[in-house]
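Below you'll find the structure, written out as structure tokens, and then a few comments.
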Amino acid sequence: MTNTTQAVTPAAPAPAAGAPAPAEDGRTARRSPLRRLLGRPEIGALVGAIAVYVFFFAVAPTFRQADSMATVLYQASTMGIVALAVALLMIGGEFDLSAGVAVTTSALTASMLSFQLTLNVWTGVVVALVLSLAIGAFNGFMLIRTGLPSFLVTLGTFLMLQGLNLAITKLFTGNVATDSIRDMDGFDQAKAVFASEIDVAGVDVKITVLWWLLFAALATWLLLRTRYGNWIFAVGGDQDSARAVGVPVTFTKITLFMGVGFAAWFVGMHLLFSFSTIQSGEGVGNEFLYIIAAVIGGCLLTGGYGSAVGAVIGAFIFGMVSQGIVYANWNPDWFKFFLGVMLLLATLVNLWVRRSATRR
């Protein structure tokens with residue numbers, strides 16, 4: 001008879017009492033709270049915002065007044081509402097160069113439709129919203145169907161809207177500006193929603209500031225607490241991989257462009273009900289300011305990284321620089337220079353922060 005034996009693998013010896021624990025692999029080591037903080041997209045923008053605030057606080061006495069800060073916040077809010085939507089789109093890996101003129105398109109649509117047909121202004125507001133969402137959907141649909149870069153698709157939309165804004169305004173009004181709708185039905189109610197002021201501790205604050213903060217909270221919740229937010233990061237990081245794991249890439253991209261359309265509509269309504277008339281050539285160049293605010297706030301040009309809070313801080317920096325130069329009695333021609341410096345510095349700081357956060 002043949003005896004068989006079963007090989008038994010000896011158990012690993014237990015570590016001696018008091019022996020140091022084995023070192024963690026760099027791939028599994030937990031990051032320190034400081035590293036996690038530095039890994040936040042908006043941390044570089046926050047440092048920049050503090051530096052800009054301290055600088056203008058020191059050189060411009062008017063900047064320190066409460067009503068001056070209300071003006072800064074107003075400037076930031078009109079830029080920041082669209083910058084929020086642009087930031088989400090950039091996290092999703094795309095650009096929209098038509099956002100600036102789309103603001104004017106929505107305002108012109110609401111104004112001329114209401115005035116020419118003698119309708120309640122709310123009719124024009126609703127039609128302008130539908131048109132703005134349709135423009136966003138068109139941009140997203142063309143992007144998906146053609147596979148062209150969003151830069152080219154939205155550049156084409158930008159040129160078309162710019163031409164239509166001027167041509168149609170001249171066709172119906174004989175001028176480059178719309179007629180005033182101040183005396184039309186519904187104007188006062190719409191002004192209360194889009195362009196009123198609220199007293200806060202004795203300081204008049206534009207309602208757009210409150211809308212801006214509300215939209216920022218909504219965008220932050222959307223990005224960090226919903227499945228849709230995961231989709232945005234996924235399609236911005238690698239849309240092919242995202243599609244392979246079931247992410248609805250087409251739906252996500254189109255709705256992101258529609259989000260930009262909604263933000264453009266909202267700011268367009270604010271401009272219309274603030275001044276009751278709109279110049280058809282307005283808005284050109286603002287698309288770059290929205291992108292700059294998002295980039296200063298930590299959004300990557302390559303997509304997949306960024307935050308809504310960062311876009312808020314980026315817009316706030318824009319407001320501080322634009323008004324701080326005025327309060328310091330400097331030549332306003334320096335504004336674009338300072339904006340360029342802020343963009344470059346923010347980009348370098350964000351790069352350093354990301355490298356510091358990921359360095360082992």
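All residue names refer to the structure tokens as shown: chains lettered A, B, ... in order, residues numbered from 1 in each chain, ligands numbered from 1 in order.
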
Skipping near chain neighbours, those fewer than 5 positions away, what residues fall within 6 Å of segment 210-222 of chain A using only C-alpha atoms, listed as a ChimeraX atom specification?
-> /A:77,81,229,308

Compile a residue-level contact table for segment 147-236 of chain A against segment 277-297 of chain A at a cut-off of 8 Å, reporting for every qualifying residue the shortest atom pair and its distance in Å to one decimal, with only C-alpha atoms counted, rows ordered by chain and ascending number, as a Markdown table.
```
| residue | atom | partner | partner_atom | distance |
| --- | --- | --- | --- | --- |
| A:Gln162 | CA | A:Gly281 | CA | 7.3 |
| A:Asn165 | CA | A:Ser280 | CA | 5.5 |
| A:Leu166 | CA | A:Ser280 | CA | 5.3 |
| A:Thr169 | CA | A:Ser280 | CA | 6.6 |
| A:Val176 | CA | A:Ser280 | CA | 5.6 |
| A:Ala177 | CA | A:Gln279 | CA | 4.3 |
| A:Thr178 | CA | A:Thr277 | CA | 5.4 |
| A:Asp179 | CA | A:Thr277 | CA | 5.9 |
| A:Ser180 | CA | A:Thr277 | CA | 4.9 |
| A:Ile181 | CA | A:Thr277 | CA | 6.9 |
```

Check segment 81-213 of chain A with DSSP on the backbone and list each residue it calls strand (DSSP E or B), as a compact mmCIF listing (two decimals) with N, CA and C atoms, in the first residue's frame.
```txt
# COMPACT_ATOMS: atom_id res chain seq x y z
N ALA A 177 -30.53 98.76 -31.57
CA ALA A 177 -31.02 98.50 -30.22
C ALA A 177 -32.52 98.28 -30.26
N GLU A 197 -33.53 94.82 -6.24
CA GLU A 197 -32.51 94.96 -5.20
C GLU A 197 -33.11 94.59 -3.86
N ILE A 198 -32.27 94.08 -2.98
CA ILE A 198 -32.70 93.68 -1.64
C ILE A 198 -31.84 94.39 -0.61
N ASP A 199 -32.48 94.92 0.41
CA ASP A 199 -31.75 95.61 1.47
C ASP A 199 -31.15 94.58 2.43
N VAL A 200 -29.83 94.60 2.56
CA VAL A 200 -29.13 93.71 3.48
C VAL A 200 -28.29 94.56 4.41
N VAL A 203 -27.57 97.96 3.09
CA VAL A 203 -26.88 98.02 1.80
C VAL A 203 -27.76 97.36 0.74
N ASP A 204 -27.95 98.05 -0.39
CA ASP A 204 -28.73 97.49 -1.49
C ASP A 204 -27.90 96.47 -2.25
N VAL A 205 -28.40 95.24 -2.28
CA VAL A 205 -27.71 94.14 -2.97
C VAL A 205 -28.59 93.65 -4.10
N LYS A 206 -28.02 93.54 -5.29
CA LYS A 206 -28.78 93.06 -6.45
C LYS A 206 -29.22 91.62 -6.23
```

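When only C-alpha atoms are used to measure the gap to Met112 of chain A, the shortest distance among A:Ala83, A:Val153, A:Met184, A:Ala60 belongs to A:Met184.
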
Looking at A:Ala66, A:Val126, A:Val72, A:Met258, which one is nearest to Gly140 of chain A, with distances taken over only C-alpha atoms?
-> A:Met258

Using DSSP on the backbone, list every residue of segment 66-103 of chain A that comes out as helix (DSSP H, G or I), and give them as a PyMOL selection string.
-> chain A and resi 66-91+99-103

Hey, which of A:Val245, A:Val54, A:Ile207, A:Leu301 ends up closest to Lys191 of chain A? Count only C-alpha atoms.
->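 Ranking A:Val245, A:Val54, A:Ile207, A:Leu301 by distance to Lys191 of chain A, first place goes to A:Ile207.
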
Nearby residues (only C-alpha atoms) at most 10 Å from Leu224 of chain A, same-chain spacing under 6 positions excluded, as a PyMOL selection string | chain A and resi 230+233+307-308

Could the residues in this selection be written to a file with C-alpha atoms, as an mmCIF file, in the first residue's frame?
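Heads up, here's the output in result-v8.cif:
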```cif
data_model
loop_
_atom_site.group_PDB
_atom_site.id
_atom_site.type_symbol
_atom_site.label_atom_id
_atom_site.label_comp_id
_atom_site.auth_asym_id
_atom_site.auth_seq_id
_atom_site.Cartn_x
_atom_site.Cartn_y
_atom_site.Cartn_z
ATOM 1 C CA ASN A 230 -20.541 61.305 -11.612
ATOM 2 C CA PHE A 233 -16.687 63.752 -14.334
ATOM 3 C CA SER A 307 -15.715 72.408 -9.030
ATOM 4 C CA ALA A 308 -18.653 74.796 -8.873
#
```

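Ranking A:Ala99, A:Leu344, A:Val349, A:Ala195 by their shortest atom-to-atom distance to Trp265 of chain A, with only C-alpha atoms included, puts A:Ala99 first.
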
Closest of A:Ser274, A:Thr302, A:Ser106, A:Gln189 to Asp238 of chain A, counting only C-alpha atoms, is A:Thr302

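Atom to atom, atom CA of Trp330 of chain A and atom CA of Val52 of chain A stand 15.4 Å apart.
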
If you count only C-alpha atoms, the residue of A:Thr105, A:Arg145, A:Ala128, A:Asn139 closest to Gly163 of chain A turns out to be A:Thr105

For Ser114 of chain A, please output as a tab-separated table (two decimals) with N, CA, C and O atoms, in the first residue's frame all residues within 10 Å (counting only C-alpha atoms; exclusion window: fewer than 6 positions along the same chain).
```tsv
chain	number	residue	atom	x	y	z
A	108	LEU	N	-32.69	89.86	-26.65
A	108	LEU	CA	-33.30	90.41	-27.86
A	108	LEU	C	-34.60	89.70	-28.20
A	108	LEU	O	-35.59	90.33	-28.60
A	120	ASN	N	-47.69	90.37	-23.22
A	120	ASN	CA	-47.15	90.45	-21.88
A	120	ASN	C	-45.68	90.00	-21.93
A	120	ASN	O	-45.35	89.02	-22.61
A	121	VAL	N	-44.81	90.71	-21.23
A	121	VAL	CA	-43.38	90.43	-21.35
A	121	VAL	C	-43.02	89.01	-20.92
A	121	VAL	O	-42.02	88.46	-21.36
A	122	TRP	N	-43.87	88.39	-20.07
A	122	TRP	CA	-43.59	87.03	-19.64
A	122	TRP	C	-43.67	86.04	-20.81
A	122	TRP	O	-43.00	85.00	-20.80
A	123	THR	N	-44.48	86.38	-21.82
A	123	THR	CA	-44.52	85.54	-23.02
A	123	THR	C	-43.16	85.54	-23.70
A	123	THR	O	-42.64	84.49	-24.11
A	124	GLY	N	-42.58	86.72	-23.84
A	124	GLY	CA	-41.25	86.82	-24.43
A	124	GLY	C	-40.21	86.11	-23.59
A	124	GLY	O	-39.28	85.49	-24.13
A	125	VAL	N	-40.35	86.19	-22.27
A	125	VAL	CA	-39.40	85.52	-21.38
A	125	VAL	C	-39.42	84.01	-21.59
A	125	VAL	O	-38.36	83.36	-21.71
A	127	VAL	N	-40.56	82.30	-24.27
A	127	VAL	CA	-40.09	81.96	-25.61
A	127	VAL	C	-38.56	82.06	-25.67
A	127	VAL	O	-37.89	81.22	-26.29
A	181	ILE	N	-39.23	98.38	-23.30
A	181	ILE	CA	-40.44	97.65	-22.91
A	181	ILE	C	-40.85	98.00	-21.47
A	181	ILE	O	-41.65	97.30	-20.86
A	184	MET	N	-44.63	98.06	-20.58
A	184	MET	CA	-45.45	96.94	-21.03
A	184	MET	C	-45.92	96.08	-19.86
A	184	MET	O	-45.31	96.09	-18.77
A	185	ASP	N	-46.99	95.34	-20.08
A	185	ASP	CA	-47.56	94.49	-19.04
A	185	ASP	C	-46.55	93.43	-18.59
A	185	ASP	O	-45.91	92.78	-19.42
```

Which polymer residues have any atom within 8 Å of an atom of Phe194 of chain A, counting only C-alpha atoms, with same-chain residues fewer than 3 positions away left out, as a ChimeraX atom specification?
-> /A:190-191,207-208,266,269-270,273

Go ahead and compute the interatomic distance for atom CA of Gly303 of chain A and atom CA of Tyr228 of chain A, in Å to one decimal.
->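 Rounded to one decimal, the two atoms are 15.6 Å apart.
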